[in-house]
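Asks: If it helps, the file is called protein_15.cif and holds mmCIF, C-alpha atoms:
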```cif
data_run
loop_
_atom_site.group_PDB
_atom_site.id
_atom_site.type_symbol
_atom_site.label_atom_id
_atom_site.label_comp_id
_atom_site.auth_asym_id
_atom_site.auth_seq_id
_atom_site.Cartn_x
_atom_site.Cartn_y
_atom_site.Cartn_z
ATOM 1 C CA MET A 1 -6.694 -60.048 36.264
ATOM 2 C CA HIS A 2 -6.718 -63.600 37.633
ATOM 3 C CA GLU A 3 -5.815 -65.541 34.491
ATOM 4 C CA LEU A 4 -3.372 -67.902 36.210
ATOM 5 C CA SER A 5 -6.007 -69.369 38.528
ATOM 6 C CA ILE A 6 -8.440 -69.610 35.601
ATOM 7 C CA ALA A 7 -5.772 -71.446 33.552
ATOM 8 C CA GLN A 8 -5.238 -73.854 36.453
ATOM 9 C CA ASN A 9 -8.999 -74.545 36.587
ATOM 10 C CA VAL A 10 -9.028 -75.231 32.841
ATOM 11 C CA LEU A 11 -6.049 -77.587 33.099
ATOM 12 C CA ASP A 12 -7.617 -79.481 36.026
ATOM 13 C CA ILE A 13 -10.987 -79.892 34.294
ATOM 14 C CA VAL A 14 -9.680 -81.001 30.885
ATOM 15 C CA SER A 15 -7.081 -83.363 32.398
ATOM 16 C CA GLU A 16 -9.760 -85.087 34.451
ATOM 17 C CA GLN A 17 -12.140 -85.343 31.471
ATOM 18 C CA CYS A 18 -9.383 -86.669 29.211
ATOM 19 C CA VAL A 19 -8.487 -89.453 31.634
ATOM 20 C CA LYS A 20 -12.194 -90.251 32.113
ATOM 21 C CA SER A 21 -12.626 -90.637 28.363
ATOM 22 C CA GLY A 22 -9.792 -93.179 28.331
ATOM 23 C CA HIS A 23 -7.269 -91.054 26.454
ATOM 24 C CA ALA A 24 -3.684 -90.136 27.283
ATOM 25 C CA LYS A 25 -3.062 -86.821 25.589
ATOM 26 C CA ILE A 26 -4.842 -83.532 24.948
ATOM 27 C CA ASP A 27 -4.163 -81.926 21.559
ATOM 28 C CA SER A 28 -6.334 -78.826 21.819
ATOM 29 C CA VAL A 29 -8.932 -77.178 24.046
ATOM 30 C CA ASN A 30 -11.698 -74.825 22.892
ATOM 31 C CA LEU A 31 -12.963 -72.118 25.238
ATOM 32 C CA ARG A 32 -15.604 -69.395 24.999
ATOM 33 C CA ILE A 33 -14.645 -66.282 26.931
ATOM 34 C CA GLY A 34 -16.945 -63.277 27.245
ATOM 35 C CA ARG A 35 -15.423 -59.846 26.820
ATOM 36 C CA ALA A 36 -16.953 -58.708 30.133
ATOM 37 C CA SER A 37 -15.598 -61.715 32.063
ATOM 38 C CA GLY A 38 -12.520 -59.753 33.128
ATOM 39 C CA ILE A 39 -10.264 -62.327 31.451
ATOM 40 C CA MET A 40 -7.754 -61.319 28.766
ATOM 41 C CA PRO A 41 -7.361 -64.121 26.180
ATOM 42 C CA ASP A 42 -3.650 -63.433 25.572
ATOM 43 C CA ALA A 43 -2.866 -63.541 29.279
ATOM 44 C CA LEU A 44 -4.897 -66.736 29.688
ATOM 45 C CA ILE A 45 -2.992 -68.452 26.847
ATOM 46 C CA PHE A 46 0.291 -67.266 28.358
ATOM 47 C CA ALA A 47 -0.682 -68.679 31.769
ATOM 48 C CA PHE A 48 -1.916 -71.968 30.285
ATOM 49 C CA ASN A 49 1.341 -72.430 28.364
ATOM 50 C CA ALA A 50 3.292 -71.730 31.542
ATOM 51 C CA ILE A 51 1.580 -74.461 33.566
ATOM 52 C CA LYS A 52 0.984 -77.172 30.937
ATOM 53 C CA PRO A 53 4.512 -78.733 30.824
ATOM 54 C CA ASP A 54 4.650 -82.199 32.450
ATOM 55 C CA SER A 55 0.883 -82.596 32.217
ATOM 56 C CA ILE A 56 -1.173 -84.605 29.714
ATOM 57 C CA ALA A 57 -1.939 -81.248 28.100
ATOM 58 C CA GLN A 58 1.720 -80.376 27.521
ATOM 59 C CA ASP A 59 1.250 -80.201 23.746
ATOM 60 C CA ALA A 60 -2.263 -78.768 23.849
ATOM 61 C CA LEU A 61 -3.224 -75.620 21.994
ATOM 62 C CA LEU A 62 -5.676 -73.343 23.737
ATOM 63 C CA ASN A 63 -8.213 -71.843 21.310
ATOM 64 C CA ILE A 64 -10.372 -69.004 22.569
ATOM 65 C CA GLU A 65 -13.558 -67.774 20.954
ATOM 66 C CA GLU A 66 -14.334 -64.321 22.297
ATOM 67 C CA VAL A 67 -17.972 -63.506 22.930
ATOM 68 C CA PRO A 68 -18.999 -59.859 22.530
ATOM 69 C CA VAL A 69 -20.929 -58.115 25.267
ATOM 70 C CA THR A 70 -24.568 -57.742 24.303
ATOM 71 C CA GLY A 71 -27.340 -56.067 26.198
ATOM 72 C CA GLN A 72 -31.029 -55.423 25.979
ATOM 73 C CA CYS A 73 -32.207 -51.982 26.979
ATOM 74 C CA ASN A 74 -34.898 -51.924 29.658
ATOM 75 C CA GLU A 75 -36.232 -48.615 28.389
ATOM 76 C CA CYS A 76 -36.524 -49.057 24.596
ATOM 77 C CA SER A 77 -36.047 -52.875 24.326
ATOM 78 C CA ASN A 78 -33.286 -52.380 21.755
ATOM 79 C CA SER A 79 -30.755 -55.251 21.632
ATOM 80 C CA PHE A 80 -27.211 -54.002 21.187
ATOM 81 C CA ILE A 81 -23.568 -55.004 21.051
ATOM 82 C CA VAL A 82 -21.177 -53.139 23.310
ATOM 83 C CA GLU A 83 -17.857 -52.042 21.872
ATOM 84 C CA GLU A 84 -16.303 -50.852 25.142
ATOM 85 C CA GLU A 85 -16.514 -53.602 27.766
ATOM 86 C CA TYR A 86 -17.002 -51.425 30.789
ATOM 87 C CA ILE A 87 -18.898 -48.373 29.619
ATOM 88 C CA LEU A 88 -22.403 -49.464 28.828
ATOM 89 C CA ASN A 89 -25.220 -47.372 27.399
ATOM 90 C CA CYS A 90 -27.999 -48.181 24.971
ATOM 91 C CA PRO A 91 -26.785 -46.750 21.632
ATOM 92 C CA VAL A 92 -30.349 -45.833 20.623
ATOM 93 C CA CYS A 93 -31.827 -44.083 23.669
ATOM 94 C CA LYS A 94 -28.570 -43.648 25.696
ATOM 95 C CA GLY A 95 -30.284 -45.306 28.680
ATOM 96 C CA SER A 96 -28.089 -47.090 31.232
ATOM 97 C CA SER A 97 -30.735 -49.553 32.437
ATOM 98 C CA PHE A 98 -30.220 -52.854 30.664
ATOM 99 C CA GLN A 99 -29.785 -56.585 31.023
ATOM 100 C CA ILE A 100 -26.456 -58.077 29.966
ATOM 101 C CA THR A 101 -27.449 -60.907 27.603
ATOM 102 C CA SER A 102 -23.975 -62.239 26.792
ATOM 103 C CA GLY A 103 -20.341 -61.440 27.433
ATOM 104 C CA ARG A 104 -19.755 -63.006 30.851
ATOM 105 C CA GLU A 105 -19.046 -66.542 29.567
ATOM 106 C CA LEU A 106 -16.139 -68.546 30.976
ATOM 107 C CA ASP A 107 -16.841 -71.933 29.419
ATOM 108 C CA ILE A 108 -14.910 -74.942 28.189
ATOM 109 C CA ILE A 109 -16.678 -76.218 25.062
ATOM 110 C CA ASP A 110 -14.722 -79.271 23.906
ATOM 111 C CA MET A 111 -11.234 -80.658 23.274
ATOM 112 C CA GLU A 112 -9.323 -82.890 20.898
ATOM 113 C CA VAL A 113 -7.710 -85.884 22.578
ATOM 114 C CA SER A 114 -5.665 -88.816 21.297
ATOM 115 C CA MET B 1 -11.041 -87.430 18.625
ATOM 116 C CA LYS B 2 -13.279 -84.680 19.886
ATOM 117 C CA VAL B 3 -14.595 -84.796 23.468
ATOM 118 C CA LYS B 4 -17.438 -82.526 24.615
ATOM 119 C CA VAL B 5 -16.635 -80.837 27.904
ATOM 120 C CA VAL B 6 -19.286 -78.085 28.303
ATOM 121 C CA THR B 7 -18.221 -77.018 31.771
ATOM 122 C CA LYS B 8 -18.112 -73.633 33.401
ATOM 123 C CA ILE B 9 -14.488 -72.881 34.229
ATOM 124 C CA LEU B 10 -15.621 -71.595 37.626
ATOM 125 C CA GLU B 11 -17.736 -74.688 38.354
ATOM 126 C CA ALA B 12 -15.336 -75.845 41.106
ATOM 127 C CA ASN B 13 -15.719 -72.477 42.835
ATOM 128 C CA GLU B 14 -19.488 -72.609 42.561
ATOM 129 C CA ARG B 15 -19.586 -76.113 44.011
ATOM 130 C CA ILE B 16 -17.596 -75.014 47.077
ATOM 131 C CA ALA B 17 -19.740 -71.867 47.361
ATOM 132 C CA ARG B 18 -22.819 -74.126 47.571
ATOM 133 C CA GLU B 19 -21.140 -76.153 50.333
ATOM 134 C CA ASN B 20 -20.357 -72.931 52.247
ATOM 135 C CA ARG B 21 -23.997 -71.922 51.758
ATOM 136 C CA ARG B 22 -25.127 -75.228 53.284
ATOM 137 C CA LEU B 23 -22.892 -74.703 56.339
ATOM 138 C CA PHE B 24 -24.213 -71.139 56.758
ATOM 139 C CA ASP B 25 -27.817 -72.350 56.504
ATOM 140 C CA ASN B 26 -27.198 -75.079 59.088
ATOM 141 C CA ALA B 27 -25.890 -72.433 61.478
ATOM 142 C CA GLY B 28 -28.807 -70.073 60.728
ATOM 143 C CA LEU B 29 -26.286 -67.470 59.658
ATOM 144 C CA TYR B 30 -26.862 -64.495 57.343
ATOM 145 C CA VAL B 31 -23.777 -63.748 55.238
ATOM 146 C CA ILE B 32 -22.802 -60.531 53.473
ATOM 147 C CA ASN B 33 -20.006 -60.273 50.905
ATOM 148 C CA LEU B 34 -18.737 -56.699 51.386
ATOM 149 C CA MET B 35 -16.967 -55.234 48.367
ATOM 150 C CA SER B 36 -15.402 -51.931 47.284
ATOM 151 C CA GLY B 37 -12.312 -50.400 45.757
ATOM 152 C CA PRO B 38 -9.303 -49.918 48.065
ATOM 153 C CA GLY B 39 -9.836 -47.224 50.694
ATOM 154 C CA ALA B 40 -13.593 -46.741 50.300
ATOM 155 C CA GLY B 41 -14.076 -47.566 53.986
ATOM 156 C CA LYS B 42 -15.156 -51.212 54.270
ATOM 157 C CA THR B 43 -13.318 -51.791 57.537
ATOM 158 C CA SER B 44 -14.479 -48.451 58.975
ATOM 159 C CA ILE B 45 -18.084 -49.360 58.125
ATOM 160 C CA LEU B 46 -17.624 -52.672 59.942
ATOM 161 C CA GLU B 47 -16.056 -50.995 62.978
ATOM 162 C CA LYS B 48 -18.958 -48.539 63.189
ATOM 163 C CA THR B 49 -21.482 -51.327 62.715
ATOM 164 C CA LEU B 50 -19.884 -53.276 65.562
ATOM 165 C CA THR B 51 -20.041 -50.318 67.955
ATOM 166 C CA MET B 52 -23.718 -49.605 67.253
ATOM 167 C CA ASN B 53 -26.146 -51.415 69.455
ATOM 168 C CA THR B 54 -27.657 -53.784 66.888
ATOM 169 C CA GLY B 55 -28.126 -56.750 69.233
ATOM 170 C CA LEU B 56 -26.689 -58.902 66.429
ATOM 171 C CA ARG B 57 -23.856 -61.329 67.070
ATOM 172 C CA ILE B 58 -21.480 -60.433 64.248
ATOM 173 C CA GLY B 59 -18.392 -62.238 62.938
ATOM 174 C CA VAL B 60 -15.972 -61.055 60.276
ATOM 175 C CA ILE B 61 -13.698 -62.660 57.701
ATOM 176 C CA GLU B 62 -11.096 -60.163 56.509
ATOM 177 C CA GLY B 63 -9.642 -60.625 53.032
ATOM 178 C CA ASP B 64 -6.501 -58.725 52.086
ATOM 179 C CA ILE B 65 -3.598 -59.280 49.763
ATOM 180 C CA ALA B 66 -1.246 -59.027 52.756
ATOM 181 C CA GLY B 67 -1.150 -57.987 56.411
ATOM 182 C CA SER B 68 -3.449 -58.280 59.400
ATOM 183 C CA ASP B 69 -4.188 -54.597 60.117
ATOM 184 C CA ASP B 70 -7.892 -54.956 59.336
ATOM 185 C CA ALA B 71 -8.381 -58.017 61.543
ATOM 186 C CA GLU B 72 -6.639 -56.215 64.413
ATOM 187 C CA ARG B 73 -9.026 -53.277 64.032
ATOM 188 C CA ILE B 74 -12.040 -55.625 64.168
ATOM 189 C CA GLU B 75 -10.653 -57.630 67.088
ATOM 190 C CA LYS B 76 -10.541 -54.485 69.243
ATOM 191 C CA HIS B 77 -14.343 -54.443 69.082
ATOM 192 C CA GLY B 78 -14.534 -57.944 70.498
ATOM 193 C CA ALA B 79 -15.933 -59.613 67.379
ATOM 194 C CA PRO B 80 -14.734 -63.048 66.224
ATOM 195 C CA VAL B 81 -12.504 -62.396 63.218
ATOM 196 C CA VAL B 82 -10.297 -64.381 60.853
ATOM 197 C CA GLN B 83 -7.769 -62.829 58.488
ATOM 198 C CA ILE B 84 -7.194 -64.324 55.041
ATOM 199 C CA ASN B 85 -4.154 -63.201 53.059
ATOM 200 C CA THR B 86 -4.618 -63.954 49.382
ATOM 201 C CA GLY B 87 -0.897 -63.516 48.671
ATOM 202 C CA GLY B 88 -1.473 -61.395 45.604
ATOM 203 C CA ALA B 89 -4.829 -62.717 44.376
ATOM 204 C CA CYS B 90 -7.272 -59.955 43.543
ATOM 205 C CA HIS B 91 -10.390 -61.493 45.136
ATOM 206 C CA LEU B 92 -11.570 -64.071 47.675
ATOM 207 C CA ASP B 93 -12.854 -67.367 46.319
ATOM 208 C CA ALA B 94 -15.148 -69.955 47.867
ATOM 209 C CA ASN B 95 -12.344 -72.299 48.898
ATOM 210 C CA MET B 96 -10.468 -69.600 50.833
ATOM 211 C CA ILE B 97 -13.656 -69.048 52.845
ATOM 212 C CA TYR B 98 -14.307 -72.773 53.301
ATOM 213 C CA GLU B 99 -10.855 -73.273 54.799
ATOM 214 C CA VAL B 100 -11.315 -70.705 57.576
ATOM 215 C CA LEU B 101 -14.902 -71.522 58.577
ATOM 216 C CA GLN B 102 -13.714 -73.924 61.277
ATOM 217 C CA ASP B 103 -11.978 -70.988 62.973
ATOM 218 C CA LEU B 104 -15.251 -69.129 63.552
ATOM 219 C CA PRO B 105 -18.038 -69.963 66.024
ATOM 220 C CA LEU B 106 -20.692 -70.120 63.286
ATOM 221 C CA GLN B 107 -23.406 -71.480 65.592
ATOM 222 C CA ASP B 108 -23.017 -68.501 67.933
ATOM 223 C CA LEU B 109 -23.358 -65.821 65.249
ATOM 224 C CA ASP B 110 -26.331 -64.135 63.550
ATOM 225 C CA LEU B 111 -24.423 -62.304 60.858
ATOM 226 C CA LEU B 112 -21.109 -62.876 59.099
ATOM 227 C CA PHE B 113 -19.383 -60.200 57.037
ATOM 228 C CA ILE B 114 -16.862 -61.315 54.440
ATOM 229 C CA GLU B 115 -14.759 -58.254 53.687
ATOM 230 C CA ASN B 116 -13.425 -58.854 50.195
ATOM 231 C CA VAL B 117 -10.139 -57.633 48.717
ATOM 232 C CA GLY B 118 -10.349 -53.964 47.671
ATOM 233 C CA ASN B 119 -11.120 -54.164 43.953
ATOM 234 C CA LEU B 120 -14.150 -53.045 41.915
ATOM 235 C CA VAL B 121 -13.842 -55.749 39.249
ATOM 236 C CA CYS B 122 -13.014 -59.327 40.247
ATOM 237 C CA PRO B 123 -14.792 -59.872 43.585
ATOM 238 C CA ALA B 124 -18.192 -59.604 41.889
ATOM 239 C CA GLU B 125 -17.330 -62.598 39.668
ATOM 240 C CA PHE B 126 -16.691 -65.115 42.454
ATOM 241 C CA LYS B 127 -19.482 -66.427 44.651
ATOM 242 C CA VAL B 128 -18.355 -67.356 48.159
ATOM 243 C CA GLY B 129 -21.689 -68.662 49.469
ATOM 244 C CA GLU B 130 -23.090 -65.319 50.626
ATOM 245 C CA ASP B 131 -26.764 -64.339 50.968
ATOM 246 C CA ILE B 132 -26.189 -60.903 49.476
ATOM 247 C CA LYS B 133 -23.449 -58.639 48.199
ATOM 248 C CA VAL B 134 -23.129 -55.110 49.579
ATOM 249 C CA MET B 135 -20.788 -52.525 48.112
ATOM 250 C CA VAL B 136 -19.180 -49.397 49.495
ATOM 251 C CA LEU B 137 -18.296 -46.434 47.281
ATOM 252 C CA SER B 138 -16.751 -43.342 48.831
ATOM 253 C CA ILE B 139 -18.016 -40.227 47.104
ATOM 254 C CA ALA B 140 -14.420 -39.042 46.564
ATOM 255 C CA GLU B 141 -13.997 -41.830 44.010
ATOM 256 C CA GLY B 142 -16.128 -39.864 41.551
ATOM 257 C CA HIS B 143 -19.528 -40.053 39.904
ATOM 258 C CA ASP B 144 -18.350 -42.044 36.873
ATOM 259 C CA LYS B 145 -17.960 -45.295 38.815
ATOM 260 C CA PRO B 146 -21.401 -46.932 38.298
ATOM 261 C CA LEU B 147 -21.102 -46.840 34.504
ATOM 262 C CA LYS B 148 -17.425 -47.865 34.549
ATOM 263 C CA TYR B 149 -17.956 -50.852 36.863
ATOM 264 C CA PRO B 150 -21.545 -51.864 36.124
ATOM 265 C CA LEU B 151 -21.274 -55.481 37.225
ATOM 266 C CA MET B 152 -20.567 -54.715 40.849
ATOM 267 C CA PHE B 153 -23.516 -52.305 41.030
ATOM 268 C CA GLN B 154 -25.780 -54.830 39.317
ATOM 269 C CA GLU B 155 -24.815 -57.660 41.652
ATOM 270 C CA SER B 156 -25.153 -55.720 44.923
ATOM 271 C CA SER B 157 -28.272 -55.514 47.083
ATOM 272 C CA ALA B 158 -27.150 -52.356 48.844
ATOM 273 C CA LEU B 159 -24.747 -49.490 48.192
ATOM 274 C CA LEU B 160 -23.179 -47.502 51.006
ATOM 275 C CA LEU B 161 -22.114 -44.069 49.763
ATOM 276 C CA ASN B 162 -19.428 -43.382 52.323
ATOM 277 C CA LYS B 163 -17.544 -40.198 53.329
ATOM 278 C CA ILE B 164 -20.691 -38.175 52.632
ATOM 279 C CA ASP B 165 -19.289 -35.533 55.027
ATOM 280 C CA LEU B 166 -16.781 -34.633 52.279
ATOM 281 C CA ALA B 167 -19.536 -33.506 49.894
ATOM 282 C CA PRO B 168 -19.018 -29.743 50.466
ATOM 283 C CA TYR B 169 -15.355 -30.054 49.443
ATOM 284 C CA LEU B 170 -15.797 -32.103 46.275
ATOM 285 C CA ASP B 171 -17.210 -31.496 42.814
ATOM 286 C CA VAL B 172 -18.734 -34.963 42.745
ATOM 287 C CA ASP B 173 -22.351 -35.239 41.533
ATOM 288 C CA ILE B 174 -23.944 -37.522 44.135
ATOM 289 C CA ASN B 175 -27.302 -37.516 42.367
ATOM 290 C CA LYS B 176 -25.631 -38.864 39.234
ATOM 291 C CA ILE B 177 -24.080 -41.731 41.235
ATOM 292 C CA LYS B 178 -27.507 -42.582 42.632
ATOM 293 C CA LYS B 179 -29.321 -42.207 39.311
ATOM 294 C CA ASP B 180 -26.832 -44.353 37.351
ATOM 295 C CA ALA B 181 -26.616 -46.968 40.099
ATOM 296 C CA LEU B 182 -30.409 -47.260 40.228
ATOM 297 C CA SER B 183 -30.771 -47.491 36.485
ATOM 298 C CA LEU B 184 -28.253 -50.353 36.492
ATOM 299 C CA ASN B 185 -30.041 -51.977 39.408
ATOM 300 C CA PRO B 186 -33.524 -50.631 40.254
ATOM 301 C CA LYS B 187 -33.712 -52.744 43.438
ATOM 302 C CA LEU B 188 -30.467 -51.343 44.891
ATOM 303 C CA LYS B 189 -30.882 -49.918 48.398
ATOM 304 C CA ILE B 190 -28.686 -46.828 48.812
ATOM 305 C CA PHE B 191 -27.437 -45.421 52.130
ATOM 306 C CA GLU B 192 -25.528 -42.157 52.371
ATOM 307 C CA VAL B 193 -23.231 -42.525 55.349
ATOM 308 C CA SER B 194 -20.229 -41.028 57.087
ATOM 309 C CA CYS B 195 -18.047 -43.062 59.414
ATOM 310 C CA LYS B 196 -16.531 -39.758 60.548
ATOM 311 C CA THR B 197 -19.766 -38.093 61.727
ATOM 312 C CA GLY B 198 -21.999 -41.158 62.091
ATOM 313 C CA GLU B 199 -24.523 -39.722 59.641
ATOM 314 C CA GLY B 200 -26.813 -42.301 58.042
ATOM 315 C CA LEU B 201 -25.413 -45.272 59.912
ATOM 316 C CA SER B 202 -28.548 -46.022 61.929
ATOM 317 C CA ALA B 203 -30.586 -46.405 58.723
ATOM 318 C CA TRP B 204 -27.957 -48.917 57.554
ATOM 319 C CA THR B 205 -27.977 -50.917 60.775
ATOM 320 C CA ASP B 206 -31.806 -50.919 60.909
ATOM 321 C CA TRP B 207 -31.841 -52.428 57.414
ATOM 322 C CA LEU B 208 -29.146 -54.893 58.433
ATOM 323 C CA LYS B 209 -31.106 -56.055 61.483
ATOM 324 C CA GLU B 210 -34.201 -56.599 59.395
ATOM 325 C CA LYS B 211 -32.219 -58.647 56.845
ATOM 326 C CA ALA B 212 -30.275 -60.734 59.353
ATOM 327 C CA LEU B 213 -33.129 -61.541 61.705
ATOM 328 C CA ARG B 214 -35.537 -62.462 58.925
ATOM 329 C CA SER B 215 -33.194 -65.190 57.713
#
```
Rewrite the structure from the file as C-alpha cells, please.
Replies:
Amino acid sequence: MHELSIAQNVLDIVSEQCVKSGHAKIDSVNLRIGRASGIMPDALIFAFNAIKPDSIAQDALLNIEEVPVTGQCNECSNSFIVEEEYILNCPVCKGSSFQITSGRELDIIDMEVS
Amino acid sequence: MKVKVVTKILEANERIARENRRLFDNAGLYVINLMSGPGAGKTSILEKTLTMNTGLRIGVIEGDIAGSDDAERIEKHGAPVVQINTGGACHLDANMIYEVLQDLPLQDLDLLFIENVGNLVCPAEFKVGEDIKVMVLSIAEGHDKPLKYPLMFQESSALLLNKIDLAPYLDVDINKIKKDALSLNPKLKIFEVSCKTGEGLSAWTDWLKEKALRS
C-alpha cells in the first residue's frame, strides 16, 4: 500500500552503501520481502523503476525473493505455512493462537555494483 | 562485484522512532499510538476521554490524509493538539511525528495520543516511538476482523470495542470478536464502550490512568 516510500528507502540505502564501497554504479539489488509485510513485489518494482532515473541505480534491476508466511501454533505446536496472507488458522487443529515465525521481512540482502 | 547490505528497509524509520522515544522519556511522557479503520470512533474516544475527569494532562497528534476536522474537535476540549496531513500516505511514520514534536508542550503533558490514519493494515507496521498501541474496532465492522487483520490485534495492548450500544440492532457476534482477538493476543485488554451512552468509558480511563501514571 506504501510501495513508493519503501522504494525510496531502498534507493537511499543502496545509493549510500554503493558510494561508501567506492563504486559508481549499481547493477542489481536483492531484497527479501515477506508476504505479510503488506508490500506487493510488482508495485515495489514499478515504484523503484519510476524513481531510479538520474541516480547511480538508474540501470539497476530489483530482484525480490518472496518469503512465505509461516506460523507456529500455540495450541498444538504445529509449524505451518500460510497460503492466504491475512486469514490465519493452524491447518491441523484450526486454532487461531499462533506466533508468526516468518513473512514480515522487509530486508535488503546485497547488491551488485561496478 | 557483490556488496553485502543486510539492512532493514525500515531502519531509518526505526532510528527516528528511537529518537522520538528518547524525547518522550526525557519529558516523562506516556505515548499511545491509537489505530483503527476509518470511522471506528478514534476521535470520539479521545473527545470522551478528554471530558472525563482523569486528572491527566493530555495532548494529541492527529493524523489524517487531509483536513483538520479532527484537530478542531480536540481543540474544543482545550487540549494541545497538532494536525498532520499525510497527503495521501496510508499511515504515520516516525519522521512525521518528530517534525511536529516542537509544536507540543511535551514537558507539561502526562499522556500523548497519536491518532493514526484510519487503516487496519499499514499503521501497525510503522513504529513512531510509542509506549503502546491501542486499537478501536466498532462492532458494526463485523466479527471477522480479528482473523482478517491479525497483525493489528497482535500488536495492540488494548482493544476498545466501540458503538456497543448498537449491539441489539446488529447480527454481529461480539463473543467471537473477543475470543479470536484473545487467541491472537492473550494479553490484550478489551473494553466494551459506547461514546454515545458513555458505557464502559470509566473502565477505560481507569486503565489509562494506571498506565500513564506508572510510567
Asks: Given the file above and the PyMOL selection byres ((chain A) within 8 of (chain B)), which residues are selected, and can you give them as number ranges by chain?
Replies: A: 1-2, 6, 9-10, 13-14, 17-18, 21, 37-38, 86-88, 96-98, 106-114
Asks: Show me the residues close to (-5.2, -77.6, 19.9) - anything with an atom within 12 Å, counting all atoms listed in the file - and format the list as JSON, numbers by chain.
Replies: {"A": [25, 26, 27, 28, 29, 30, 31, 45, 49, 57, 58, 59, 60, 61, 62, 63, 64, 110, 111, 112, 113, 114], "B": [1, 2]}
Asks: Neighbouring residues of Gln72 in chain A were defined as those with any atom within 6 Å, considering all atoms listed in the file; residues of the same chain fewer than 6 positions away were excluded. Please report them as a PyMOL selection string.
Replies: chain A and resi 78-79+98-99
Asks: Using all atoms listed in the file, which residue out of A:Ala36, A:Val69, A:Ala7, A:Val92 lies closest to Met152 in chain B?
Replies: A:Ala36
Asks: Can you list, as a tab-separated table (two decimals) with C-alpha atoms, in the frame of the given file, the residues that the PyMOL selection byres ((chain B and resi 43) around 8) selects here?
Replies:
```tsv
chain	number	residue	atom	x	y	z
B	41	GLY	CA	-14.08	-47.57	53.99
B	42	LYS	CA	-15.16	-51.21	54.27
B	44	SER	CA	-14.48	-48.45	58.98
B	45	ILE	CA	-18.08	-49.36	58.12
B	46	LEU	CA	-17.62	-52.67	59.94
B	47	GLU	CA	-16.06	-51.00	62.98
B	70	ASP	CA	-7.89	-54.96	59.34
B	73	ARG	CA	-9.03	-53.28	64.03
B	74	ILE	CA	-12.04	-55.62	64.17
B	115	GLU	CA	-14.76	-58.25	53.69
```
Asks: Set the distance at 8 Å and use only C-alpha atoms: which residues neighbour range 189-191 of chain B once local chain neighbours fewer than 3 positions away are removed? I'd like the list as a PyMOL selection string.
Replies: chain B and resi 157-161+178+200+203-204
Asks: Go ahead and save the picked residues with C-alpha atoms, as a PDB file, in the coordinates of the input.
Replies:
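Result file follows (again07.pdb):
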```
ATOM      1  CA  SER B 157     -28.272 -55.514  47.083  1.00  0.00           C
ATOM      2  CA  ALA B 158     -27.150 -52.356  48.844  1.00  0.00           C
ATOM      3  CA  LEU B 159     -24.747 -49.490  48.192  1.00  0.00           C
ATOM      4  CA  LEU B 160     -23.179 -47.502  51.006  1.00  0.00           C
ATOM      5  CA  LEU B 161     -22.114 -44.069  49.763  1.00  0.00           C
ATOM      6  CA  LYS B 178     -27.507 -42.582  42.632  1.00  0.00           C
ATOM      7  CA  GLY B 200     -26.813 -42.301  58.042  1.00  0.00           C
ATOM      8  CA  ALA B 203     -30.586 -46.405  58.723  1.00  0.00           C
ATOM      9  CA  TRP B 204     -27.957 -48.917  57.554  1.00  0.00           C
TER      10      TRP B 204
END
```
Asks: Can you work out the spacing between CA of Lys163 in chain B and CA of Cys195 in chain B in Å, to one decimal?
Replies: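 Spanning CA of Lys163 in chain B to CA of Cys195 in chain B is a straight-line distance of 6.7 Å.
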Asks: Please report the interatomic distance between CA of Ser55 in chain A and CA of Tyr98 in chain B in Å with one decimal.
Replies: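 So the two atoms, CA of Ser55 in chain A and CA of Tyr98 in chain B, lie 27.8 Å apart.
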Asks: Specify as a VMD selection string each residue included when the PyMOL selection byres ((chain B and resi 30) around 12) is applied to this file.
Replies: chain B and resid 20 to 29 31 to 33 56 to 60 106 to 114 129 to 133 208 to 215
Asks: Would you work out the distance separating CA of Glu75 in chain A from CA of Asn175 in chain B, expressed in Å to one decimal?
Replies: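 A separation of 20.0 Å between them.
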Asks: Take every atom of range 143-153 of chain B listed in the file, pad by 5 Å on each side, and give me the axis-aligned box centre and edge lengths in Å, one decimal, as AutoDock Vina command-line options.
Replies:
```
--center_x -20.5 --center_y -47.8 --center_z 37.8 --size_x 16.1 --size_y 25.4 --size_z 16.5
```
Asks: I need the residue nearest Gly67 in chain B from this list: B:Arg18, B:Ser194, B:Val117, B:Met35. Use all atoms listed in the file for the distance.
Replies: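 The closest residue to Gly67 in chain B is B:Val117.
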Asks: B:Asp69, B:Glu19, B:Asp171, B:Asp165: which is nearest Val81 in chain B, counting all atoms listed in the file?
Replies: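 Going through B:Asp69, B:Glu19, B:Asp171, B:Asp165 one by one, the smallest distance to Val81 in chain B is for B:Asp69.
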Asks: Filtering to C-alpha atoms, could range 151-169 of chain B of the supplied structure be written out as a PDB file, in the first residue's frame?
Replies:
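Output below, filename decode_34.pdb:
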```pdb
ATOM      1  CA  LEU B 151      -1.239  -8.090  12.938  1.00  0.00           C
ATOM      2  CA  MET B 152      -3.031  -5.101  14.377  1.00  0.00           C
ATOM      3  CA  PHE B 153      -4.677  -7.245  17.067  1.00  0.00           C
ATOM      4  CA  GLN B 154      -1.357  -8.906  17.880  1.00  0.00           C
ATOM      5  CA  GLU B 155       0.500  -5.612  18.203  1.00  0.00           C
ATOM      6  CA  SER B 156      -2.073  -3.823  20.384  1.00  0.00           C
ATOM      7  CA  SER B 157      -2.104  -3.737  24.183  1.00  0.00           C
ATOM      8  CA  ALA B 158      -5.773  -2.825  24.384  1.00  0.00           C
ATOM      9  CA  LEU B 159      -8.849  -3.095  22.176  1.00  0.00           C
ATOM     10  CA  LEU B 160     -11.783  -0.728  22.519  1.00  0.00           C
ATOM     11  CA  LEU B 161     -14.941  -2.331  21.134  1.00  0.00           C
ATOM     12  CA  ASN B 162     -16.841   0.831  20.335  1.00  0.00           C
ATOM     13  CA  LYS B 163     -20.517   1.516  19.487  1.00  0.00           C
ATOM     14  CA  ILE B 164     -21.532  -1.298  21.839  1.00  0.00           C
ATOM     15  CA  ASP B 165     -24.938   0.434  22.126  1.00  0.00           C
ATOM     16  CA  LEU B 166     -25.661  -0.797  18.574  1.00  0.00           C
ATOM     17  CA  ALA B 167     -25.498  -4.460  19.625  1.00  0.00           C
ATOM     18  CA  PRO B 168     -29.300  -5.002  19.710  1.00  0.00           C
ATOM     19  CA  TYR B 169     -29.579  -3.871  16.076  1.00  0.00           C
TER      20      TYR B 169
END
```
